[in-house]
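Working notes, structure below.
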Amino acid sequence: MRILAAMSGGVDSAVAAARAVEAGHEVVGVHLALSRAGGTLRTGSRGCCTIEDAMDARRAADRLGIPFYVWDFSERFRDDVIDDFISEYQAGRTPNPCMRCNEKIKFAALLERALELGFDAVCTGHYATLVDGEGGLELHRASDNAKDQSYVLGVLTAEQLAHTYFPLGSTPSKALVRAEAAERGLSVAQKPDSHDICFIPDGDTRGWLAEKVGTATGEIVDRTGAVVGTHEGAHGYTVGQRRGLHLGVPAPDGKPRFVLEVRPVSNTVVVGPKEALAIAEISGERFSWAGAAPVDDAFACEVQIRAHADPVPAQAFASEAGVRVVPEHPLDGVAPGQTAVLYVGTRVLGQFTIDTTVSAVPVGV
């Protein structure tokens, strides 16, 4: 096959490209320039997609003896990921930019261009596996549960899976990938993994948003509507947040309070006790299936609402209007805008963006 290897500059994508070459494929490496801030340099394990990463990717491609290119996707990344991130927070939602990047950039814009240029598939260093099932190609968890990235790949469609190659999915551990990189003479063998949101490398999401959309003083209220504090912009808060509330009125029981809801129209943040974060039901209109769709409208599954959260047994109900999920026990701290990924065993069945939640704890309890 003709394989386009997406090379981020990290150890995983470098080893993935190496395995594609070793498997006898015709491989071309490409690094995606997602930012036009050319002077940006990576600091430790924070951030990615920097000049330093591009140079690391080029050195890896040279070591493998494959052609290498840098493609400027910064405008598409700004429109589909960064601007979406800002608008979602302004709407009182909590987006997942990694999901949007996979959906809109790596497995949409990149794959589209790859197919136009005659490539058969895009290769990445994601930890996930593809399995030929009865209904077609299926996306499954990786062998290494600690590194499994199937959650952030839940947005992939059957058509995209048909042109995707994940060489690392069956690798038992990340340590083996690093050891293999060292054996192959790849300079990124011990390079730290990237963390946090790539376009907010210092991790200060509230400060970054304040620079982009400004500040606006508003009220922090409890579940009864009583004012317990003020803030400088509701967009800087997310459901489940505890730190940085600076409340002027203590809770009657003296226990910490958490953000329960963000109301952008009134610029209000609602806080309450931890137990009020329990969610009994979630639903969303924007959904997709990773391969064959479920045969029945109602089915048992497991739902996962964060990349590293434990999956929870649930009952799902699907229709043309959307997906509704009722977990066997309440989910903790779910925010509209998050992605719910549905599993059956190790298989990723599909995903939806959470629009509404139903609290398991009535007001006043």
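Chain identifiers are assigned as A, B, and so on, following the order in which chains appear in the structure tokens; residues are numbered from 1 within each chain, and ligands are numbered from 1 in order of appearance.
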Within 10 Å of range 9-25 of chain A: each range 47-99 of chain A residue with its shortest pair, only C-alpha atoms, as JSON lines:
```
{"residue": "A:Cys48", "atom": "CA", "partner": "A:Gly9", "partner_atom": "CA", "distance": 8.4}
{"residue": "A:Cys49", "atom": "CA", "partner": "A:Gly9", "partner_atom": "CA", "distance": 7.7}
{"residue": "A:Thr50", "atom": "CA", "partner": "A:Gly9", "partner_atom": "CA", "distance": 8.9}
{"residue": "A:Ile51", "atom": "CA", "partner": "A:Gly9", "partner_atom": "CA", "distance": 9.6}
{"residue": "A:Glu52", "atom": "CA", "partner": "A:Gly9", "partner_atom": "CA", "distance": 7.9}
{"residue": "A:Asp53", "atom": "CA", "partner": "A:Gly9", "partner_atom": "CA", "distance": 4.4}
{"residue": "A:Ala54", "atom": "CA", "partner": "A:Gly9", "partner_atom": "CA", "distance": 5.8}
{"residue": "A:Met55", "atom": "CA", "partner": "A:Gly9", "partner_atom": "CA", "distance": 7.2}
{"residue": "A:Asp56", "atom": "CA", "partner": "A:Gly9", "partner_atom": "CA", "distance": 4.9}
{"residue": "A:Ala57", "atom": "CA", "partner": "A:Gly9", "partner_atom": "CA", "distance": 4.0}
{"residue": "A:Arg58", "atom": "CA", "partner": "A:Gly9", "partner_atom": "CA", "distance": 7.8}
{"residue": "A:Arg59", "atom": "CA", "partner": "A:Gly9", "partner_atom": "CA", "distance": 8.8}
{"residue": "A:Ala60", "atom": "CA", "partner": "A:Ala14", "partner_atom": "CA", "distance": 6.2}
{"residue": "A:Ala61", "atom": "CA", "partner": "A:Ala14", "partner_atom": "CA", "distance": 7.7}
{"residue": "A:Arg63", "atom": "CA", "partner": "A:Ala18", "partner_atom": "CA", "distance": 9.3}
{"residue": "A:Leu64", "atom": "CA", "partner": "A:Ala18", "partner_atom": "CA", "distance": 6.5}
{"residue": "A:Gly65", "atom": "CA", "partner": "A:Val21", "partner_atom": "CA", "distance": 9.2}
{"residue": "A:Ile66", "atom": "CA", "partner": "A:Val21", "partner_atom": "CA", "distance": 8.4}
```
Only all heavy atoms, please: the residues just picked out, written as a CSV table (one decimal), in the first residue's frame.
```
chain,number,residue,atom,x,y,z
A,48,CYS,N,2.6,20.8,21.7
A,48,CYS,CA,3.1,19.9,20.6
A,48,CYS,C,3.0,20.8,19.3
A,48,CYS,O,2.7,21.9,19.3
A,48,CYS,CB,2.3,18.7,20.5
A,48,CYS,SG,0.6,18.9,20.0
A,49,CYS,N,3.3,20.1,18.2
A,49,CYS,CA,3.2,20.8,16.9
A,49,CYS,C,4.0,22.0,16.8
A,49,CYS,O,3.6,23.0,16.1
A,49,CYS,CB,1.7,21.1,16.6
A,49,CYS,SG,0.6,19.8,16.9
A,50,THR,N,5.2,22.0,17.4
A,50,THR,CA,6.1,23.2,17.4
A,50,THR,C,7.2,23.0,16.3
A,50,THR,O,7.3,22.0,15.7
A,50,THR,CB,6.7,23.4,18.7
A,50,THR,OG1,7.6,22.3,19.0
A,50,THR,CG2,5.7,23.5,19.8
A,51,ILE,N,8.0,24.0,16.1
A,51,ILE,CA,9.2,23.9,15.3
A,51,ILE,C,10.1,22.8,15.7
A,51,ILE,O,10.6,22.0,14.9
A,51,ILE,CB,10.0,25.3,15.3
A,51,ILE,CG1,9.2,26.4,14.6
A,51,ILE,CG2,11.3,25.1,14.6
A,51,ILE,CD1,9.0,26.2,13.1
A,52,GLU,N,10.3,22.6,17.0
A,52,GLU,CA,11.1,21.5,17.5
A,52,GLU,C,10.5,20.2,17.1
A,52,GLU,O,11.2,19.3,16.7
A,52,GLU,CB,11.2,21.6,19.0
A,52,GLU,CG,12.0,20.5,19.7
A,52,GLU,CD,12.0,20.6,21.2
A,52,GLU,OE1,11.3,21.4,21.7
A,52,GLU,OE2,12.6,19.7,21.8
A,53,ASP,N,9.2,20.0,17.2
A,53,ASP,CA,8.5,18.8,16.8
A,53,ASP,C,8.7,18.5,15.3
A,53,ASP,O,9.0,17.4,14.9
A,53,ASP,CB,7.1,18.8,17.1
A,53,ASP,CG,6.8,18.9,18.6
A,53,ASP,OD1,7.4,18.0,19.3
A,53,ASP,OD2,6.0,19.7,19.1
A,54,ALA,N,8.6,19.6,14.5
A,54,ALA,CA,8.8,19.4,13.0
A,54,ALA,C,10.2,18.9,12.7
A,54,ALA,O,10.4,18.0,11.8
A,54,ALA,CB,8.5,20.7,12.3
A,55,MET,N,11.2,19.5,13.4
A,55,MET,CA,12.6,19.0,13.2
A,55,MET,C,12.8,17.6,13.6
A,55,MET,O,13.5,16.8,13.0
A,55,MET,CB,13.5,20.0,13.9
A,55,MET,CG,13.6,21.4,13.4
A,55,MET,SD,14.9,22.5,14.1
A,55,MET,CE,14.3,22.6,15.8
A,56,ASP,N,12.2,17.2,14.8
A,56,ASP,CA,12.3,15.8,15.2
A,56,ASP,C,11.6,14.9,14.2
A,56,ASP,O,12.2,13.8,14.0
A,56,ASP,CB,11.6,15.7,16.6
A,56,ASP,CG,12.4,16.3,17.7
A,56,ASP,OD1,13.6,16.5,17.6
A,56,ASP,OD2,11.8,16.6,18.8
A,57,ALA,N,10.5,15.3,13.7
A,57,ALA,CA,9.9,14.4,12.7
A,57,ALA,C,10.7,14.3,11.4
A,57,ALA,O,10.8,13.2,10.9
A,57,ALA,CB,8.5,15.0,12.3
A,58,ARG,N,11.4,15.4,11.0
A,58,ARG,CA,12.2,15.3,9.8
A,58,ARG,C,13.4,14.4,10.1
A,58,ARG,O,13.8,13.6,9.2
A,58,ARG,CB,12.7,16.7,9.4
A,58,ARG,CG,13.7,16.7,8.2
A,58,ARG,CD,14.0,18.1,7.8
A,58,ARG,NE,12.9,18.8,7.3
A,58,ARG,CZ,12.4,18.8,6.1
A,58,ARG,NH1,12.9,17.9,5.2
A,58,ARG,NH2,11.4,19.5,5.7
A,59,ARG,N,14.0,14.5,11.3
A,59,ARG,CA,15.2,13.6,11.6
A,59,ARG,C,14.8,12.1,11.6
A,59,ARG,O,15.5,11.2,11.1
A,59,ARG,CB,15.8,14.0,12.9
A,59,ARG,CG,16.7,15.2,12.9
A,59,ARG,CD,17.4,15.4,14.2
A,59,ARG,NE,16.5,15.9,15.2
A,59,ARG,CZ,16.4,17.2,15.5
A,59,ARG,NH1,17.1,18.1,14.8
A,59,ARG,NH2,15.6,17.6,16.5
A,60,ALA,N,13.5,11.8,12.1
A,60,ALA,CA,13.1,10.5,12.1
A,60,ALA,C,12.8,10.0,10.7
A,60,ALA,O,13.2,8.8,10.3
A,60,ALA,CB,11.8,10.4,12.9
A,61,ALA,N,12.3,10.8,9.8
A,61,ALA,CA,12.0,10.4,8.4
A,61,ALA,C,13.3,10.2,7.7
A,61,ALA,O,13.5,9.2,6.9
A,61,ALA,CB,11.2,11.5,7.7
A,63,ARG,N,16.1,9.2,9.1
A,63,ARG,CA,16.6,7.9,9.6
A,63,ARG,C,16.0,6.7,8.9
A,63,ARG,O,16.6,5.7,8.7
A,63,ARG,CB,16.4,7.9,11.1
A,63,ARG,CG,16.9,6.6,11.8
A,63,ARG,CD,18.4,6.5,11.8
A,63,ARG,NE,18.9,5.3,12.4
A,63,ARG,CZ,20.2,4.9,12.5
A,63,ARG,NH1,21.1,5.7,12.0
A,63,ARG,NH2,20.5,3.8,13.0
A,64,LEU,N,14.7,6.9,8.6
A,64,LEU,CA,13.9,5.8,8.0
A,64,LEU,C,14.1,5.7,6.5
A,64,LEU,O,13.7,4.8,5.8
A,64,LEU,CB,12.4,5.9,8.3
A,64,LEU,CG,12.1,5.8,9.8
A,64,LEU,CD1,10.6,6.1,10.0
A,64,LEU,CD2,12.5,4.5,10.4
A,65,GLY,N,14.7,6.8,5.9
A,65,GLY,CA,14.9,6.9,4.5
A,65,GLY,C,13.7,7.1,3.7
A,65,GLY,O,13.6,6.6,2.6
A,66,ILE,N,12.7,7.8,4.2
A,66,ILE,CA,11.5,8.1,3.5
A,66,ILE,C,11.4,9.6,3.2
A,66,ILE,O,11.9,10.4,3.9
A,66,ILE,CB,10.3,7.6,4.3
A,66,ILE,CG1,10.2,8.4,5.6
A,66,ILE,CG2,10.3,6.1,4.6
A,66,ILE,CD1,8.9,8.1,6.4
```
* **All helix (DSSP H, G or I) residues (DSSP, backbone) inside range 20-263 of chain A, as an NGL selection string** => :A and (20-22 or 51-64 or 74-90 or 97-116 or 151-153 or 158-161 or 174-183 or 205-213 or 234-236)
Write a file of the selected residues as a PDB file, in the first residue's frame, keeping C-alpha atoms.
```pdb
ATOM      1  CA  ALA A  20       4.920   0.689   8.050  1.00  0.00           C
ATOM      2  CA  VAL A  21       8.242   0.797   6.174  1.00  0.00           C
ATOM      3  CA  GLU A  22       9.292  -2.563   7.620  1.00  0.00           C
ATOM      4  CA  ILE A  51       9.196  23.949  15.263  1.00  0.00           C
ATOM      5  CA  GLU A  52      11.079  21.540  17.502  1.00  0.00           C
ATOM      6  CA  ASP A  53       8.544  18.801  16.771  1.00  0.00           C
ATOM      7  CA  ALA A  54       8.816  19.396  13.011  1.00  0.00           C
ATOM      8  CA  MET A  55      12.592  19.037  13.197  1.00  0.00           C
ATOM      9  CA  ASP A  56      12.280  15.831  15.242  1.00  0.00           C
ATOM     10  CA  ALA A  57       9.857  14.422  12.663  1.00  0.00           C
ATOM     11  CA  ARG A  58      12.237  15.280   9.806  1.00  0.00           C
ATOM     12  CA  ARG A  59      15.162  13.595  11.573  1.00  0.00           C
ATOM     13  CA  ALA A  60      13.052  10.466  12.094  1.00  0.00           C
ATOM     14  CA  ALA A  61      12.025  10.404   8.411  1.00  0.00           C
ATOM     15  CA  ASP A  62      15.656  10.823   7.346  1.00  0.00           C
ATOM     16  CA  ARG A  63      16.640   7.924   9.596  1.00  0.00           C
ATOM     17  CA  LEU A  64      13.938   5.763   7.989  1.00  0.00           C
ATOM     18  CA  SER A  74      -2.874  26.109  10.451  1.00  0.00           C
ATOM     19  CA  GLU A  75      -5.855  27.895   8.916  1.00  0.00           C
ATOM     20  CA  ARG A  76      -8.013  24.769   8.971  1.00  0.00           C
ATOM     21  CA  PHE A  77      -6.859  24.041  12.540  1.00  0.00           C
ATOM     22  CA  ARG A  78      -7.767  27.571  13.633  1.00  0.00           C
ATOM     23  CA  ASP A  79     -11.219  27.397  12.066  1.00  0.00           C
ATOM     24  CA  ASP A  80     -12.178  23.854  13.049  1.00  0.00           C
ATOM     25  CA  VAL A  81     -10.434  23.409  16.389  1.00  0.00           C
ATOM     26  CA  ILE A  82      -9.386  26.685  18.028  1.00  0.00           C
ATOM     27  CA  ASP A  83     -12.403  28.771  17.000  1.00  0.00           C
ATOM     28  CA  ASP A  84     -14.703  25.866  17.866  1.00  0.00           C
ATOM     29  CA  PHE A  85     -13.033  25.610  21.283  1.00  0.00           C
ATOM     30  CA  ILE A  86     -13.648  29.305  21.962  1.00  0.00           C
ATOM     31  CA  SER A  87     -17.259  29.302  20.752  1.00  0.00           C
ATOM     32  CA  GLU A  88     -18.090  26.181  22.764  1.00  0.00           C
ATOM     33  CA  TYR A  89     -16.802  27.746  25.992  1.00  0.00           C
ATOM     34  CA  GLN A  90     -18.711  30.927  25.201  1.00  0.00           C
ATOM     35  CA  PRO A  97     -10.161  19.806  21.161  1.00  0.00           C
ATOM     36  CA  CYS A  98      -8.346  16.482  20.651  1.00  0.00           C
ATOM     37  CA  MET A  99     -11.606  14.929  19.434  1.00  0.00           C
ATOM     38  CA  ARG A 100     -12.198  17.849  17.068  1.00  0.00           C
ATOM     39  CA  CYS A 101      -8.621  17.641  15.771  1.00  0.00           C
ATOM     40  CA  ASN A 102      -8.996  13.941  14.992  1.00  0.00           C
ATOM     41  CA  GLU A 103     -12.417  14.513  13.454  1.00  0.00           C
ATOM     42  CA  LYS A 104     -11.674  17.620  11.400  1.00  0.00           C
ATOM     43  CA  ILE A 105      -7.911  17.568  10.774  1.00  0.00           C
ATOM     44  CA  LYS A 106      -6.109  14.230  11.030  1.00  0.00           C
ATOM     45  CA  PHE A 107      -8.874  12.011   9.693  1.00  0.00           C
ATOM     46  CA  ALA A 108     -10.736  14.492   7.508  1.00  0.00           C
ATOM     47  CA  ALA A 109      -8.528  17.194   5.986  1.00  0.00           C
ATOM     48  CA  LEU A 110      -5.369  15.064   6.019  1.00  0.00           C
ATOM     49  CA  LEU A 111      -7.072  11.890   4.836  1.00  0.00           C
ATOM     50  CA  GLU A 112      -8.925  13.757   2.086  1.00  0.00           C
ATOM     51  CA  ARG A 113      -5.668  15.150   0.724  1.00  0.00           C
ATOM     52  CA  ALA A 114      -3.952  11.779   1.058  1.00  0.00           C
ATOM     53  CA  LEU A 115      -6.642  10.050  -0.999  1.00  0.00           C
ATOM     54  CA  GLU A 116      -6.536  12.819  -3.620  1.00  0.00           C
ATOM     55  CA  TYR A 151     -11.758   7.174  23.053  1.00  0.00           C
ATOM     56  CA  VAL A 152     -10.340  10.111  21.056  1.00  0.00           C
ATOM     57  CA  LEU A 153     -10.749   8.066  17.861  1.00  0.00           C
ATOM     58  CA  ALA A 158     -16.543   3.516   8.652  1.00  0.00           C
ATOM     59  CA  GLU A 159     -15.161   5.229   5.542  1.00  0.00           C
ATOM     60  CA  GLN A 160     -12.301   6.773   7.501  1.00  0.00           C
ATOM     61  CA  LEU A 161     -11.476   3.511   9.269  1.00  0.00           C
ATOM     62  CA  LYS A 174       4.810   2.111  25.716  1.00  0.00           C
ATOM     63  CA  ALA A 175       8.156   1.000  27.183  1.00  0.00           C
ATOM     64  CA  LEU A 176       8.520  -1.460  24.300  1.00  0.00           C
ATOM     65  CA  VAL A 177       7.842   1.313  21.787  1.00  0.00           C
ATOM     66  CA  ARG A 178      10.588   3.436  23.329  1.00  0.00           C
ATOM     67  CA  ALA A 179      12.973   0.481  23.352  1.00  0.00           C
ATOM     68  CA  GLU A 180      12.211  -0.170  19.690  1.00  0.00           C
ATOM     69  CA  ALA A 181      12.813   3.478  18.837  1.00  0.00           C
ATOM     70  CA  ALA A 182      16.211   3.322  20.542  1.00  0.00           C
ATOM     71  CA  GLU A 183      17.123   0.144  18.656  1.00  0.00           C
ATOM     72  CA  THR A 205      -7.183  27.743  29.893  1.00  0.00           C
ATOM     73  CA  ARG A 206      -9.019  30.485  31.803  1.00  0.00           C
ATOM     74  CA  GLY A 207      -6.273  33.030  31.141  1.00  0.00           C
ATOM     75  CA  TRP A 208      -6.061  32.055  27.475  1.00  0.00           C
ATOM     76  CA  LEU A 209      -9.819  32.423  27.034  1.00  0.00           C
ATOM     77  CA  ALA A 210      -9.790  35.788  28.816  1.00  0.00           C
ATOM     78  CA  GLU A 211      -7.237  37.050  26.279  1.00  0.00           C
ATOM     79  CA  LYS A 212      -9.382  35.846  23.393  1.00  0.00           C
ATOM     80  CA  VAL A 213     -12.859  36.937  24.491  1.00  0.00           C
ATOM     81  CA  ALA A 234     -18.477  32.457  32.858  1.00  0.00           C
ATOM     82  CA  HIS A 235     -16.517  31.078  29.893  1.00  0.00           C
ATOM     83  CA  GLY A 236     -13.603  30.475  32.272  1.00  0.00           C
TER      84      GLY A 236
END
```
* To do: Kindly give the distance, in Å, that separates CA of Pro250 in chain A and CA of Thr238 in chain A, rounded to a single decimal.
  => 20.1 Å
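Our summary of the geometry notes that CA of Pro252 in chain A is positioned 17.7 Å from CA of Val361 in chain A.
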* To do: Would you kindly return, as a ChimeraX atom specification, each protein, DNA or RNA residue with an atom no farther than 8 Å from any atom of Arg257 in chain A, considering only C-alpha atoms and excluding same-chain residues fewer than 3 positions away?
  => /A:242,251,271-274
* Asked: With distances taken over only C-alpha atoms, which of A:Gly350, A:Pro313, A:Gly154, A:Gly203 is nearest to Pro327 in chain A?
  -> A:Pro313
* Asked: Which value, in Å to one decimal, gives the distance between CA of Asp144 in chain A and CA of Gln304 in chain A?
  ->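 Spanning CA of Asp144 in chain A to CA of Gln304 in chain A is a straight-line distance of 17.1 Å.
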* Can you list, as a ChimeraX atom specification, every protein, DNA or RNA residue that comes within 10 Å of Phe287 in chain A when you count only C-alpha atoms, leaving out same-chain residues fewer than 2 positions away? -> /A:155,283-285,289,318,320-323,339-341,350-354
Take the residues just selected and output them with all heavy atoms as a short mmCIF file (atom, residue, chain, number, x, y, z; two decimals), in the first residue's frame.
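Output file out_21.cif is given in full below:
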```
data_model
loop_
_atom_site.label_atom_id
_atom_site.label_comp_id
_atom_site.auth_asym_id
_atom_site.auth_seq_id
_atom_site.Cartn_x
_atom_site.Cartn_y
_atom_site.Cartn_z
N VAL A 155 -14.67 9.34 16.98
CA VAL A 155 -15.34 10.17 15.97
C VAL A 155 -15.13 9.64 14.56
O VAL A 155 -15.75 10.13 13.61
CB VAL A 155 -14.83 11.62 16.03
CG1 VAL A 155 -15.29 12.30 17.30
CG2 VAL A 155 -13.31 11.68 15.91
N SER A 283 -27.65 12.92 26.85
CA SER A 283 -28.15 12.76 25.49
C SER A 283 -27.51 13.78 24.57
O SER A 283 -26.97 14.81 25.03
CB SER A 283 -29.68 12.92 25.45
OG SER A 283 -30.07 14.21 25.92
N GLY A 284 -27.53 13.50 23.28
CA GLY A 284 -26.95 14.42 22.31
C GLY A 284 -27.48 14.16 20.91
O GLY A 284 -27.89 13.04 20.57
N GLU A 285 -27.47 15.21 20.09
CA GLU A 285 -27.99 15.13 18.73
C GLU A 285 -26.91 14.82 17.70
O GLU A 285 -27.18 14.23 16.65
CB GLU A 285 -28.68 16.45 18.35
CG GLU A 285 -29.87 16.80 19.23
CD GLU A 285 -30.47 18.14 18.87
OE1 GLU A 285 -29.93 18.81 17.95
OE2 GLU A 285 -31.49 18.53 19.49
N TRP A 289 -21.30 6.61 14.04
CA TRP A 289 -20.98 5.23 14.35
C TRP A 289 -19.62 4.88 13.77
O TRP A 289 -19.33 5.21 12.61
CB TRP A 289 -22.05 4.28 13.81
CG TRP A 289 -23.43 4.59 14.28
CD1 TRP A 289 -24.49 4.96 13.53
CD2 TRP A 289 -23.90 4.57 15.65
NE1 TRP A 289 -25.60 5.19 14.32
CE2 TRP A 289 -25.26 4.95 15.63
CE3 TRP A 289 -23.30 4.28 16.87
CZ2 TRP A 289 -26.04 5.03 16.79
CZ3 TRP A 289 -24.06 4.37 18.03
CH2 TRP A 289 -25.41 4.73 17.98
N ALA A 318 -31.06 4.90 20.57
CA ALA A 318 -30.65 5.67 19.40
C ALA A 318 -31.81 5.87 18.44
O ALA A 318 -32.67 4.99 18.28
CB ALA A 318 -29.52 4.96 18.67
N GLU A 320 -32.95 8.72 14.80
CA GLU A 320 -32.44 9.72 13.87
C GLU A 320 -32.22 11.06 14.56
O GLU A 320 -31.42 11.88 14.11
CB GLU A 320 -33.40 9.89 12.70
CG GLU A 320 -33.50 8.67 11.79
CD GLU A 320 -34.41 8.92 10.61
OE1 GLU A 320 -34.99 10.03 10.53
OE2 GLU A 320 -34.56 8.01 9.77
N ALA A 321 -32.93 11.28 15.66
CA ALA A 321 -32.83 12.56 16.37
C ALA A 321 -31.62 12.64 17.29
O ALA A 321 -31.23 13.73 17.71
CB ALA A 321 -34.10 12.81 17.18
N GLY A 322 -31.03 11.49 17.62
CA GLY A 322 -29.88 11.53 18.52
C GLY A 322 -29.75 10.27 19.35
O GLY A 322 -30.39 9.24 19.06
N VAL A 323 -28.93 10.35 20.39
CA VAL A 323 -28.65 9.21 21.26
C VAL A 323 -28.88 9.63 22.71
O VAL A 323 -28.46 10.71 23.13
CB VAL A 323 -27.21 8.71 21.09
CG1 VAL A 323 -26.93 7.54 22.02
CG2 VAL A 323 -26.93 8.31 19.65
N THR A 339 -17.62 14.59 25.04
CA THR A 339 -17.95 13.50 24.12
C THR A 339 -18.20 12.22 24.90
O THR A 339 -17.40 11.85 25.77
CB THR A 339 -16.82 13.27 23.11
OG1 THR A 339 -16.60 14.47 22.37
CG2 THR A 339 -17.18 12.15 22.15
N ALA A 340 -19.29 11.56 24.62
CA ALA A 340 -19.59 10.25 25.19
C ALA A 340 -19.30 9.20 24.13
O ALA A 340 -19.86 9.25 23.03
CB ALA A 340 -21.05 10.18 25.62
N VAL A 341 -18.38 8.29 24.43
CA VAL A 341 -18.04 7.22 23.50
C VAL A 341 -18.65 5.92 24.01
O VAL A 341 -18.52 5.58 25.19
CB VAL A 341 -16.51 7.08 23.34
CG1 VAL A 341 -16.17 5.89 22.45
CG2 VAL A 341 -15.93 8.36 22.75
N GLY A 350 -19.54 3.89 18.77
CA GLY A 350 -19.78 5.22 18.22
C GLY A 350 -19.66 6.27 19.30
O GLY A 350 -19.18 6.00 20.41
N GLN A 351 -20.07 7.49 18.98
CA GLN A 351 -19.92 8.60 19.92
C GLN A 351 -20.98 9.65 19.68
O GLN A 351 -21.60 9.69 18.61
CB GLN A 351 -18.54 9.22 19.78
CG GLN A 351 -18.23 9.81 18.40
CD GLN A 351 -18.80 11.20 18.16
OE1 GLN A 351 -18.82 12.03 19.08
NE2 GLN A 351 -19.27 11.48 16.95
N PHE A 352 -21.18 10.49 20.69
CA PHE A 352 -22.04 11.67 20.50
C PHE A 352 -21.55 12.79 21.42
O PHE A 352 -20.94 12.54 22.46
CB PHE A 352 -23.51 11.35 20.75
CG PHE A 352 -23.87 10.96 22.16
CD1 PHE A 352 -24.29 11.90 23.08
CD2 PHE A 352 -23.80 9.62 22.56
CE1 PHE A 352 -24.64 11.54 24.38
CE2 PHE A 352 -24.15 9.25 23.85
CZ PHE A 352 -24.57 10.20 24.76
N THR A 353 -21.82 14.01 20.99
CA THR A 353 -21.50 15.17 21.81
C THR A 353 -22.65 15.40 22.78
O THR A 353 -23.82 15.47 22.36
CB THR A 353 -21.30 16.43 20.94
OG1 THR A 353 -20.23 16.20 20.02
CG2 THR A 353 -20.97 17.64 21.82
N ILE A 354 -22.35 15.49 24.06
CA ILE A 354 -23.39 15.62 25.08
C ILE A 354 -24.02 17.01 25.02
O ILE A 354 -23.33 18.03 25.13
CB ILE A 354 -22.81 15.37 26.48
CG1 ILE A 354 -22.24 13.95 26.56
CG2 ILE A 354 -23.86 15.58 27.56
CD1 ILE A 354 -21.42 13.68 27.80
#
```
* as a list in words, which residues of range 73-260 of chain A does DSSP assign to strand (DSSP E)? -> Ala121, Val122, Cys123, Thr129, Leu130, Val131, Asp132, Gly133, Gly136, Leu137, Glu138, Leu139, His140, Thr164, Tyr165, Gly218, Glu219, Ile220, Val221, Val227, Val228, Gly229, Thr230, His231, Phe258, Val259 and Leu260 of chain A
Written selection (C-alpha atoms) as a CSV table (one decimal), in the first residue's frame:
```
chain,number,residue,atom,x,y,z
A,121,ALA,CA,-4.2,5.0,4.0
A,122,VAL,CA,-3.0,7.4,6.7
A,123,CYS,CA,-0.8,5.9,9.4
A,129,THR,CA,-6.7,-1.6,16.8
A,130,LEU,CA,-8.7,-2.4,13.7
A,131,VAL,CA,-10.5,-5.7,13.5
A,132,ASP,CA,-12.4,-7.3,10.6
A,133,GLY,CA,-15.9,-8.0,12.0
A,136,GLY,CA,-17.1,-4.7,8.4
A,137,LEU,CA,-14.0,-3.0,9.9
A,138,GLU,CA,-14.3,-2.3,13.6
A,139,LEU,CA,-12.3,0.0,15.9
A,140,HIS,CA,-11.2,-1.6,19.2
A,164,THR,CA,-6.5,4.2,8.5
A,165,TYR,CA,-3.5,2.2,9.7
A,218,GLY,CA,-21.0,38.0,36.7
A,219,GLU,CA,-22.5,36.2,39.7
A,220,ILE,CA,-21.8,32.8,41.2
A,221,VAL,CA,-24.9,31.4,42.7
A,227,VAL,CA,-25.4,34.9,45.3
A,228,VAL,CA,-22.2,33.4,46.9
A,229,GLY,CA,-19.5,35.1,44.8
A,230,THR,CA,-18.5,36.8,41.6
A,231,HIS,CA,-16.4,36.0,38.6
A,258,PHE,CA,-18.1,22.6,42.8
A,259,VAL,CA,-19.3,24.2,39.5
A,260,LEU,CA,-22.6,22.5,38.6
```
* Asked: Do you know which residues are at most 8 Å from Val344 in chain A counting only C-alpha atoms, after dropping those on the same chain fewer than 3 positions away, and could you put them as a PyMOL selection string?
  -> chain A and resi 300-302+347-349
* Asked: What lies within 8 Å of Glu232 in chain A using only C-alpha atoms, ignoring chain neighbours under 4 positions off, as a count of residues only?
  -> 4
* Asp72 in chain A surroundings by only C-alpha atoms, 7 Å radius, close-in-sequence under 2 positions cut, as an MDAnalysis selection string -> chainID A and resid 32:34 70 74
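Residue nearest Ile197 in chain A, chosen from A:Ser170, A:His163, A:Ser266, A:Asn96 and counting only C-alpha atoms: A:Asn96.
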